[in-house]
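Visitor: I'd like to ask you about the structure that follows.
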Amino acid sequence: MVSSPIALMDPDAVLSRSAGMAADLRRLGVREADRVAVSDTNSPGFIWAMQALMKLGCGVVLLDPALAVGDIRQYLGRARVRWLISDTPAHQALGEEGTTTVLGLTDLVENISQHPEDVGDNTSGWLSRDDGLTTVSSGSTGTPKLIARSGNAVLNNMRRTSARMSYQDSDILAPLIPFSHQYGMSLVLLARVNRVPLLITPYARLDHALVAIADHGATVVDGTPSTFRSATNFLRHRDELRQRLSGVRMWCVGGAPLPQAVASDFAELMGKPLLDGYGSTELGNIALAGPDAPHVMSALDGVRISITGPDGSPCATGETGEIWVDSPDLMAGVIHGDGLHPQPRGMFRTGDFGYLDEHGGLHVIGRRGAVHRRGNTLYPDALSRKAAQLGVEVHIVPTPGRNGDVRLVFLVEDPSDADALTWRRRLESVLARYEAPDRVLVLPEFPRLSNGKTDIVQLTAFAEAADVHTFRSKTFSPRPAMIGGSAGRR
């Protein structure tokens, strides 16, 4: 992955540069009826292009530059994208094969109009589009989908988020996540809504990113749980840098359930809590812990959360069940080749499960999927959270057993090379006998998607294969990412 540049984006300068790019795009033939895809690494040009397209009233489609060319081609065709803005070399040939015209982002930035003609402001047109912003669901648990949300839903969700997080005029936002996904793009739009600077960092090199955050005085930092696990390890023996980061007033985490060990280790080291958040591609931000209540992740204003049991009845306080959400910011629908398939309004089944505490705070356990084993009903993700108190990430895959029962394969992420027998003993010390693993597989690092989430699909396939065949280390050998000379988890 190409590292992001370091750049502090002033909100007034962003408006000026995006106006110049909007004029250039109009001159090249981009029209308000078009869907335009942007696929590139974090950069100033990415932000200018995104806001220029909003100004023109276009439908914006965000595509991860790390996607295979075949997947990019498929999404472009499915969404009937007219233009693709990208510097990824493999994407250039896509313009020669179909109806999509490819524009180089670097070329657009280098030739941006300094005194552009006035093309008007059609942001209202973007707000009213059902496909104002289209993003690809993460694919961490299955086949990715093209999720379309109206511009109004996207910006209103940012306003609800701003109200909860109480951003200040003096804030500088520093996302440690890619802009091409829902979470990263939300930070770009939050900077716009609150008219505060946004710091672009080389988030793939966490050592460089943390120094940049200290150098530029960033006050709000967002990342995934795996990012903050790596940050804790990196900062543990760097007292001077930790002191320079004391000006960060909010450390915010999302994108995946937050293991308690990650939260407690970070808070102990840095003296400030990780403010947990829960959201999805389909709904945007759903529940956040704000600075006034750092340990209560409650629903945003206007959003209602319901927890239900297997029969659909409401769960009692503290009782685990499926998470349903009723949000005015719900997606418009899913885009297929034949158009936008609308999403019915009302309660949306998230596919996650968790519980509400006595303060109304949401606790997300993971994906739904109860399994029956030796007469007991178990939730693998709940067991993963329980096992995580040992200080590592654990993923559990149910595999077929005898007589319709299931086996539980525990995958443990441990760069220290402790063996499977050692980990079996540790796991059995925190689990009930009926929860204990049938098999333990230890990996130095879990595979990650480009947005920082664990690649559940790849892990599951590996565990299923390993439980059928004799496990050999060569079956799957992820290469650890390097962070400041040590193994990281991005």
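Each chain in the structure tokens gets a letter, A, B, ..., in the order shown, and its residues are numbered from 1; ligands are numbered from 1 in order too.
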Hey, what's within 10 Å of region 411-421 of chain A if we count only C-alpha atoms and toss same-chain stuff fewer than 4 positions away? As a PyMOL selection string, please?
Guide: chain A and resi 384+387-388+391-397+425-427+437+439-447+459-460+462-463+480+487-489
Visitor: For the alpha helix (DSSP H) assignment from backbone DSSP, which residues of region 203-438 of chain A qualify? Please present them as an MDAnalysis selection string.
Guide: chainID A and resid 206:216 225:235 239:244 260:270 380:387 420:430
Visitor: Can you work out the spacing between CA of Arg345 (chain A) and CA of Arg160 (chain A) in Å, to one decimal?
Guide: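 Computing the Euclidean distance for CA of Arg345 (chain A) and CA of Arg160 (chain A) yields 18.9 Å.
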Visitor: Please run DSSP on the backbone and report, as a list in words, all residues within region 165-226 of chain A that come out as strand (DSSP E).
Guide: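 Taking region 165-226 of chain A and keeping strand (DSSP E) only, one gets Leu173, Ala174, Pro175, Leu198, Leu199, Ile200, Val220, Val221, Asp222 and Gly223 of chain A.
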Visitor: Within 8 Å of Ser450 (chain A), counting only C-alpha atoms, which residues show up once you throw out same-chain ones fewer than 6 positions away? Write them as an MDAnalysis selection string, please.
Guide: chainID A and resid 64 66 178
Visitor: Put those residues in a file: N, CA and C atoms, as a PDB file, in the first residue's frame.
Guide:
ATOM      1  N   ASP A  64     -12.200   1.017  -2.982  1.00  0.00           N
ATOM      2  CA  ASP A  64     -10.894   0.795  -2.375  1.00  0.00           C
ATOM      3  C   ASP A  64      -9.856   0.557  -3.466  1.00  0.00           C
ATOM      4  N   ALA A  66      -7.175  -0.895  -3.280  1.00  0.00           N
ATOM      5  CA  ALA A  66      -6.529  -2.196  -3.110  1.00  0.00           C
ATOM      6  C   ALA A  66      -7.342  -3.337  -3.704  1.00  0.00           C
ATOM      7  N   PRO A 178      -8.549   4.523   5.895  1.00  0.00           N
ATOM      8  CA  PRO A 178      -8.670   4.964   4.502  1.00  0.00           C
ATOM      9  C   PRO A 178      -9.964   5.734   4.253  1.00  0.00           C
TER      10      PRO A 178
END
Visitor: Which residues, written as JSON, numbers by chain, have at least one atom at most 10 Å from Pro225 (chain A), with only C-alpha atoms counted and residues fewer than 4 positions away on the same chain left out?
Guide: {"A": [229, 230, 231, 252, 253, 254, 255, 256, 257, 258, 259, 262, 263, 274, 276, 452, 453, 489]}
Visitor: Select, from A:Ala90, A:Leu340, A:Val248, A:Ile305, the residue with the minimum atom-to-atom distance to Val325 (chain A), counting only C-alpha atoms.
Guide: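 Once distances to Val325 (chain A) are computed over only C-alpha atoms, the minimum belongs to A:Ile305.
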Visitor: Just checking: using only C-alpha atoms, which residue out of A:Val334, A:Ala212, A:Val196, A:Ala316 ends up closest to Thr134 (chain A)?
Guide: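 That would be A:Val334, the residue with the smallest distance to Thr134 (chain A).
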